[in-house]
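Here is structure-v5.cif, consisting of mmCIF, C-alpha atoms:
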```cif
data_protein
#
loop_
_atom_site.group_PDB
_atom_site.id
_atom_site.type_symbol
_atom_site.label_atom_id
_atom_site.label_comp_id
_atom_site.auth_asym_id
_atom_site.auth_seq_id
_atom_site.Cartn_x
_atom_site.Cartn_y
_atom_site.Cartn_z
ATOM 1 C CA MET A 122 -7.934 13.224 15.542
ATOM 2 C CA ALA A 123 -10.613 11.615 13.357
ATOM 3 C CA HIS A 124 -11.668 15.051 12.129
ATOM 4 C CA GLU A 125 -8.054 15.892 11.262
ATOM 5 C CA VAL A 126 -7.634 12.666 9.280
ATOM 6 C CA LEU A 127 -10.901 13.286 7.444
ATOM 7 C CA ALA A 128 -9.884 16.850 6.630
ATOM 8 C CA THR A 129 -6.522 15.666 5.290
ATOM 9 C CA THR A 130 -8.196 13.008 3.149
ATOM 10 C CA ILE A 131 -10.627 15.518 1.682
ATOM 11 C CA ALA A 132 -7.798 17.955 0.972
ATOM 12 C CA ASP A 133 -5.765 15.245 -0.767
ATOM 13 C CA THR A 134 -8.790 14.222 -2.847
ATOM 14 C CA ASN A 135 -9.425 17.795 -3.898
ATOM 15 C CA GLU A 136 -5.773 18.231 -4.838
ATOM 16 C CA ASP A 137 -5.836 15.033 -6.922
ATOM 17 C CA LEU A 138 -9.006 16.133 -8.710
ATOM 18 C CA ALA A 139 -7.562 19.563 -9.437
ATOM 19 C CA LEU A 140 -4.385 18.018 -10.832
ATOM 20 C CA ALA A 141 -6.380 15.567 -12.963
ATOM 21 C CA GLN A 142 -8.480 18.399 -14.363
ATOM 22 C CA ARG A 143 -5.381 20.337 -15.324
ATOM 23 C CA ILE A 144 -3.963 17.310 -17.111
ATOM 24 C CA ALA A 145 -7.264 16.703 -18.894
ATOM 25 C CA ALA A 146 -7.106 20.300 -20.111
ATOM 26 C CA GLY A 147 -3.721 19.608 -21.701
ATOM 27 C CA ASP A 148 -1.483 21.119 -19.022
ATOM 28 C CA MET A 149 1.904 19.409 -19.601
ATOM 29 C CA ALA A 150 3.334 20.898 -16.413
ATOM 30 C CA ALA A 151 0.579 19.158 -14.454
ATOM 31 C CA LEU A 152 1.327 15.872 -16.217
ATOM 32 C CA GLU A 153 4.998 16.213 -15.342
ATOM 33 C CA LEU A 154 4.095 17.016 -11.732
ATOM 34 C CA MET A 155 1.949 13.879 -11.501
ATOM 35 C CA MET A 156 4.728 11.690 -12.881
ATOM 36 C CA ARG A 157 7.463 13.115 -10.677
ATOM 37 C CA ARG A 158 5.189 12.865 -7.628
ATOM 38 C CA HIS A 159 4.482 9.157 -8.149
ATOM 39 C CA ASN A 160 7.467 7.909 -10.182
ATOM 40 C CA ARG A 161 9.438 6.356 -7.369
ATOM 41 C CA ARG A 162 6.582 4.489 -5.708
ATOM 42 C CA LEU A 163 5.054 3.241 -8.941
ATOM 43 C CA TYR A 164 8.412 2.146 -10.328
ATOM 44 C CA ARG A 165 9.059 0.076 -7.215
ATOM 45 C CA LEU A 166 5.685 -1.578 -7.668
ATOM 46 C CA ALA A 167 6.328 -2.329 -11.346
ATOM 47 C CA ARG A 168 9.892 -3.533 -10.677
ATOM 48 C CA ALA A 169 8.786 -5.779 -7.850
ATOM 49 C CA THR A 170 6.074 -7.293 -10.034
ATOM 50 C CA LEU A 171 8.051 -7.766 -13.246
ATOM 51 C CA ARG A 172 11.531 -8.377 -11.811
ATOM 52 C CA ASN A 173 13.075 -6.570 -14.760
ATOM 53 C CA ASP A 174 14.273 -2.957 -14.848
ATOM 54 C CA GLU A 175 13.590 -2.353 -18.544
ATOM 55 C CA GLN A 176 10.124 -3.902 -18.482
ATOM 56 C CA ALA A 177 9.264 -1.956 -15.322
ATOM 57 C CA GLU A 178 10.155 1.322 -17.029
ATOM 58 C CA GLU A 179 8.158 0.352 -20.117
ATOM 59 C CA ALA A 180 5.134 -0.559 -18.013
ATOM 60 C CA LEU A 181 5.377 2.713 -16.097
ATOM 61 C CA GLN A 182 5.607 4.765 -19.280
ATOM 62 C CA ASP A 183 2.657 2.919 -20.824
ATOM 63 C CA THR A 184 0.655 3.474 -17.655
ATOM 64 C CA TYR A 185 1.327 7.208 -17.619
ATOM 65 C CA PHE A 186 0.386 7.458 -21.297
ATOM 66 C CA SER A 187 -2.841 5.535 -20.693
ATOM 67 C CA ALA A 188 -3.529 7.695 -17.635
ATOM 68 C CA TYR A 189 -3.043 10.843 -19.690
ATOM 69 C CA ARG A 190 -5.509 9.621 -22.308
ATOM 70 C CA GLY A 191 -8.057 8.520 -19.703
ATOM 71 C CA ILE A 192 -7.550 11.151 -17.013
ATOM 72 C CA ALA A 193 -10.990 12.615 -17.684
ATOM 73 C CA ASN A 194 -12.427 9.401 -16.207
ATOM 74 C CA PHE A 195 -10.752 10.037 -12.844
ATOM 75 C CA ARG A 196 -13.495 10.912 -10.359
ATOM 76 C CA GLY A 197 -11.590 10.911 -7.080
ATOM 77 C CA ASP A 198 -13.323 7.804 -5.673
ATOM 78 C CA ALA A 199 -9.820 6.642 -4.734
ATOM 79 C CA SER A 200 -6.561 8.571 -4.567
ATOM 80 C CA LEU A 201 -4.733 9.347 -7.783
ATOM 81 C CA PHE A 202 -1.925 7.042 -6.636
ATOM 82 C CA THR A 203 -4.394 4.189 -6.108
ATOM 83 C CA TRP A 204 -5.910 4.840 -9.535
ATOM 84 C CA LEU A 205 -2.472 4.781 -11.164
ATOM 85 C CA SER A 206 -1.400 1.719 -9.171
ATOM 86 C CA ARG A 207 -4.406 -0.269 -10.323
ATOM 87 C CA MET A 208 -3.709 0.723 -13.928
ATOM 88 C CA LEU A 209 -0.021 -0.156 -13.571
ATOM 89 C CA LEU A 210 -0.734 -3.547 -12.035
ATOM 90 C CA ASN A 211 -3.126 -4.390 -14.849
ATOM 91 C CA ASP A 212 -0.362 -3.601 -17.332
ATOM 92 C CA CYS A 213 2.195 -5.633 -15.387
ATOM 93 C CA PHE A 214 -0.079 -8.653 -15.040
ATOM 94 C CA ALA A 215 -0.833 -8.515 -18.769
ATOM 95 C CA ARG A 216 2.909 -8.591 -19.461
ATOM 96 C CA LEU A 217 3.342 -11.545 -17.139
ATOM 97 C CA ARG A 218 0.529 -13.442 -18.829
ATOM 98 C CA LYS A 219 2.048 -12.826 -22.263
ATOM 99 C CA THR A 220 5.416 -14.206 -21.253
ATOM 100 C CA GLN A 221 4.065 -16.894 -18.921
ATOM 101 C CA ARG A 222 6.282 -15.629 -16.177
ATOM 102 C CA ARG A 223 5.450 -14.853 -12.615
ATOM 103 C CA GLY A 224 7.234 -12.246 -10.529
ATOM 104 C CA ARG A 225 8.081 -12.216 -6.879
ATOM 105 C CA LEU A 226 7.922 -9.491 -4.230
ATOM 106 C CA PHE A 227 9.933 -8.426 -1.272
ATOM 107 C CA SER A 228 9.247 -7.663 2.337
ATOM 108 C CA VAL A 229 11.255 -6.943 5.440
ATOM 109 C CA ALA A 230 10.772 -8.480 8.873
ATOM 110 C CA ASP A 231 10.731 -5.790 11.539
ATOM 111 C CA ASN A 232 13.029 -7.594 13.934
ATOM 112 C CA ILE A 233 15.681 -8.098 11.227
ATOM 113 C CA GLU A 234 15.332 -4.478 10.154
ATOM 114 C CA ASN A 235 15.956 -3.209 13.674
ATOM 115 C CA GLU A 236 19.075 -5.354 14.059
ATOM 116 C CA THR A 237 20.581 -4.093 10.820
ATOM 117 C CA HIS A 238 19.809 -0.470 11.653
ATOM 118 C CA ALA A 239 21.544 -0.984 14.988
ATOM 119 C CA MET A 240 24.558 -2.520 13.240
ATOM 120 C CA LEU A 241 24.829 0.439 10.862
ATOM 121 C CA ILE A 242 24.478 2.989 13.646
ATOM 122 C CA ILE A 243 27.132 1.354 15.840
ATOM 123 C CA ASP A 244 29.741 1.334 13.091
ATOM 124 C CA SER A 245 31.289 4.776 12.579
ATOM 125 C CA ASN A 246 32.596 4.279 9.030
ATOM 126 C CA PRO A 247 30.208 5.925 6.501
ATOM 127 C CA PRO A 248 31.699 4.108 3.459
ATOM 128 C CA TYR A 249 31.131 0.833 5.271
ATOM 129 C CA HIS A 250 27.537 1.834 5.904
ATOM 130 C CA GLU A 251 26.911 2.391 2.206
ATOM 131 C CA ALA A 252 28.697 -0.799 1.141
ATOM 132 C CA THR A 253 26.746 -2.802 3.685
ATOM 133 C CA ARG A 254 23.435 -1.361 2.591
ATOM 134 C CA THR A 255 24.271 -2.108 -1.049
ATOM 135 C CA GLN A 256 25.106 -5.721 -0.244
ATOM 136 C CA LEU A 257 21.981 -6.123 1.834
ATOM 137 C CA ARG A 258 19.833 -4.608 -0.887
ATOM 138 C CA SER A 259 21.231 -7.004 -3.486
ATOM 139 C CA LEU A 260 20.666 -10.014 -1.245
ATOM 140 C CA LEU A 261 17.129 -9.019 -0.358
ATOM 141 C CA GLU A 262 16.230 -8.342 -3.957
ATOM 142 C CA ALA A 263 17.318 -11.903 -4.633
ATOM 143 C CA ARG A 264 15.253 -13.220 -1.721
ATOM 144 C CA LEU A 265 12.153 -11.457 -2.997
ATOM 145 C CA ASP A 266 12.192 -13.703 -6.055
ATOM 146 C CA GLN A 267 11.291 -16.629 -3.836
ATOM 147 C CA LEU A 268 7.904 -15.228 -2.819
ATOM 148 C CA PRO A 269 4.753 -16.067 -4.805
ATOM 149 C CA GLU A 270 3.435 -13.158 -6.858
ATOM 150 C CA SER A 271 0.202 -12.783 -4.918
ATOM 151 C CA PHE A 272 2.005 -12.374 -1.584
ATOM 152 C CA ARG A 273 4.715 -10.164 -3.017
ATOM 153 C CA THR A 274 2.299 -7.673 -4.515
ATOM 154 C CA VAL A 275 0.241 -7.364 -1.352
ATOM 155 C CA PHE A 276 3.354 -6.785 0.707
ATOM 156 C CA VAL A 277 4.749 -4.032 -1.494
ATOM 157 C CA LEU A 278 1.442 -2.180 -1.457
ATOM 158 C CA ARG A 279 0.954 -2.525 2.291
ATOM 159 C CA SER A 280 4.464 -2.324 3.759
ATOM 160 C CA VAL A 281 6.500 -0.518 1.125
ATOM 161 C CA GLU A 282 3.917 1.929 -0.206
ATOM 162 C CA GLU A 283 1.994 2.046 3.082
ATOM 163 C CA MET A 284 -1.377 1.757 1.401
ATOM 164 C CA SER A 285 -4.320 0.876 3.591
ATOM 165 C CA VAL A 286 -5.954 -2.546 3.575
ATOM 166 C CA GLU A 287 -8.931 -1.009 1.804
ATOM 167 C CA GLU A 288 -6.812 0.641 -0.894
ATOM 168 C CA THR A 289 -4.815 -2.549 -1.456
ATOM 169 C CA ALA A 290 -7.977 -4.604 -1.800
ATOM 170 C CA LEU A 291 -9.312 -2.062 -4.277
ATOM 171 C CA CYS A 292 -6.133 -2.128 -6.368
ATOM 172 C CA LEU A 293 -5.986 -5.913 -6.552
ATOM 173 C CA GLY A 294 -9.692 -6.677 -6.682
ATOM 174 C CA ILE A 295 -9.590 -8.962 -3.645
ATOM 175 C CA SER A 296 -11.229 -8.879 -0.236
ATOM 176 C CA GLU A 297 -9.745 -7.032 2.722
ATOM 177 C CA ALA A 298 -9.530 -10.330 4.608
ATOM 178 C CA THR A 299 -7.410 -11.770 1.803
ATOM 179 C CA VAL A 300 -5.138 -8.729 1.930
ATOM 180 C CA ARG A 301 -4.568 -9.214 5.649
ATOM 181 C CA SER A 302 -3.957 -12.949 5.257
ATOM 182 C CA ARG A 303 -1.490 -12.583 2.386
ATOM 183 C CA HIS A 304 0.361 -9.758 4.108
ATOM 184 C CA HIS A 305 0.764 -11.869 7.247
ATOM 185 C CA ARG A 306 1.956 -14.882 5.267
ATOM 186 C CA ALA A 307 4.405 -12.779 3.241
ATOM 187 C CA ASN A 308 6.002 -11.577 6.465
ATOM 188 C CA ALA A 309 6.183 -15.103 7.806
ATOM 189 C CA MET A 310 7.767 -16.493 4.644
ATOM 190 C CA LEU A 311 10.393 -13.784 4.515
ATOM 191 C CA ARG A 312 11.274 -14.156 8.180
ATOM 192 C CA LYS A 313 11.963 -17.785 7.378
ATOM 193 C CA LEU A 314 13.993 -16.986 4.257
ATOM 194 C CA LEU A 315 16.140 -14.210 5.660
ATOM 195 C CA ALA A 316 18.917 -14.715 8.156
ATOM 196 C CA ARG A 317 18.639 -12.689 11.380
ATOM 197 C CA ASP A 318 21.593 -10.473 10.472
ATOM 198 C CA LEU A 319 20.197 -9.362 7.095
ATOM 199 C CA ASP A 320 17.998 -6.414 6.353
ATOM 200 C CA LEU A 321 17.332 -3.464 4.151
ATOM 201 C CA THR A 322 14.892 -0.638 4.562
ATOM 202 C CA ALA A 323 12.031 -1.344 2.165
ATOM 203 C CA ARG A 324 12.032 2.214 0.856
ATOM 204 C CA ASP A 325 15.635 1.877 -0.321
ATOM 205 C CA MET A 326 14.970 -1.005 -2.692
ATOM 206 C CA PHE A 327 14.865 -0.409 -6.434
ATOM 207 C CA GLU A 328 16.110 3.159 -6.210
ATOM 208 C CA PHE A 329 14.635 5.394 -8.862
ATOM 209 C CA ASP A 330 15.938 8.920 -8.736
ATOM 210 C CA GLY A 331 17.795 11.449 -10.834
ATOM 211 C CA ASP A 332 18.415 10.300 -14.412
ATOM 212 C CA ASN A 333 15.922 7.441 -14.107
ATOM 213 C CA CYS A 334 13.102 9.773 -13.099
ATOM 214 C CA ASP A 335 14.051 12.320 -15.750
ATOM 215 C CA ARG A 336 14.103 9.640 -18.450
ATOM 216 C CA ILE A 337 10.585 8.424 -17.641
ATOM 217 C CA VAL A 338 9.201 11.962 -17.590
ATOM 218 C CA ALA A 339 10.910 12.959 -20.862
ATOM 219 C CA ASN A 340 9.808 9.816 -22.699
ATOM 220 C CA VAL A 341 6.179 10.142 -21.648
ATOM 221 C CA LEU A 342 6.018 13.852 -22.455
ATOM 222 C CA GLN A 343 7.453 13.207 -25.922
ATOM 223 C CA ARG A 344 4.953 10.408 -26.483
ATOM 224 C CA VAL A 345 2.070 12.629 -25.413
ATOM 225 C CA LEU A 346 3.172 15.451 -27.713
ATOM 226 C CA ARG A 347 3.394 13.036 -30.635
ATOM 227 C CA ALA A 348 -0.068 11.590 -29.987
#
```
Just give me the structure as structure tokens.
Amino acid sequence: MAHEVLATTIADTNEDLALAQRIAAGDMAALELMMRRHNRRLYRLARATLRNDEQAEEALQDTYFSAYRGIANFRGDASLFTWLSRMLLNDCFARLRKTQRRGRLFSVADNIENETHAMLIIDSNPPYHEATRTQLRSLLEARLDQLPESFRTVFVLRSVEEMSVEETALCLGISEATVRSRHHRANAMLRKLLARDLDLTARDMFEFDGDNCDRIVANVLQRVLRA
């Protein structure tokens, strides 16, 4: 099992390096592939940090443009997603400092999640399922605003994006012990904030598909071609 994990990690690293080299050589198709591959996860991270759809898109576009200009510096010491996440967070935190605002992040308690999934499965009305999920998503996105920024960001990296403790610590420039502590406290705070009958799958929050994804890709590609 350990050998399989190591082999997968090496393969992923090699793929990231190959993609970065193509982008550095001016391959626009490779740049588009990188953006479409990471758009959804990075947008969620930016949206959770900034709490504003427009600013999140701006931060993501700026990050991709900066990544394009600095892609030759990517050495594969961390995954391409980790590299982009660190760059994106730096941009987001700079925006927060400029406006003197602090964002909040969201997490989901496992026991609440299981209860809501059970509720949705038991009911046989698909339209009700969708309406319920929409209501839950809206409520949870409101609850996320009550978490301190430091806990919110750790939670989205660990529980939403499923990054390892090591990767999260690397992105945020904090110790692994601090990552574990903040992640635990974020869960505890949200369990206290959320009622037992509320939940939403973390991966469904801040949806970013279709036109949204296309808009980000088109804007960045136009910006690159103008540079």
Q: Go through the shown structure with the PyMOL selection byres ((chain A and resi 301) around 12) and write out the matching residues as a ChimeraX atom specification.
A: /A:272,275-276,278-280,285-287,289-290,295-300,302-308
Q: Go through A:Ser271, A:Thr170, A:Gln182, A:Thr134 and flag the residue nearest Leu217 in chain A, using all atoms listed in the file for the distances.
A: A:Thr170
Q. How many Å separate CA of Pro269 in chain A from CA of Asn333 in chain A?
A. 27.6 Å
**Q.** Nearest to Leu154 in chain A, chosen from A:Val338, A:Leu138, A:Leu346, A:Ala215, with all atoms listed in the file counted in the distances
**A.**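 Looking at the shortest contact to Leu154 in chain A, the residue is A:Val338.
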Q.
On this structure, the PyMOL selection byres ((chain A and resi 180) around 8) would catch which residues? List them as JSON, numbers by chain, sorted by chain and number.
A. {"A": [167, 176, 177, 178, 179, 181, 182, 183, 184, 209, 212, 213]}
Q) When you draw a straight line from CA of Leu268 in chain A to CA of Asn160 in chain A, how long is it in Å? A)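 Spanning CA of Leu268 in chain A to CA of Asn160 in chain A is a straight-line distance of 24.3 Å.
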Q. With only C-alpha atoms as the basis for distance, which of A:Leu265, A:Leu311, A:Leu342, A:Ala199 is at the shortest distance from Leu291 in chain A?
A.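 Between A:Leu265, A:Leu311, A:Leu342, A:Ala199, the residue approaching Leu291 in chain A most closely is A:Ala199.
Shortest separation to Val341 in chain A among A:Ala139, A:Tyr189, A:Ala169, A:Glu175 occurs at residue A:Tyr189, atoms counted being only C-alpha atoms.
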Q | Distance in Å - CA of Ile144 in chain A versus CA of Arg190 in chain A | A |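 A separation of 9.4 Å between them.
Of the residues listed (A:Ala339, A:Leu314, A:Ile192, A:Leu166), A:Leu166 shows the shortest atom-to-atom separation from Val277 in chain A; distances use only C-alpha atoms.
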Mind giving me the axis-aligned box for range 339-342 of chain A with 4 Å on every side, centre plus edges in Å to one decimal, as lines of an AutoDock Vina configuration file?
```
center_x = 8.5
center_y = 11.8
center_z = -21.8
size_x = 12.9
size_y = 12.0
size_z = 9.8
```
Q. Taking all atoms listed in the file into account, which of A:Thr274, A:Met149, A:Glu283, A:Asn135 comes nearest Phe214 in chain A?
A.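 Closest to Phe214 in chain A of all the choices is A:Thr274.
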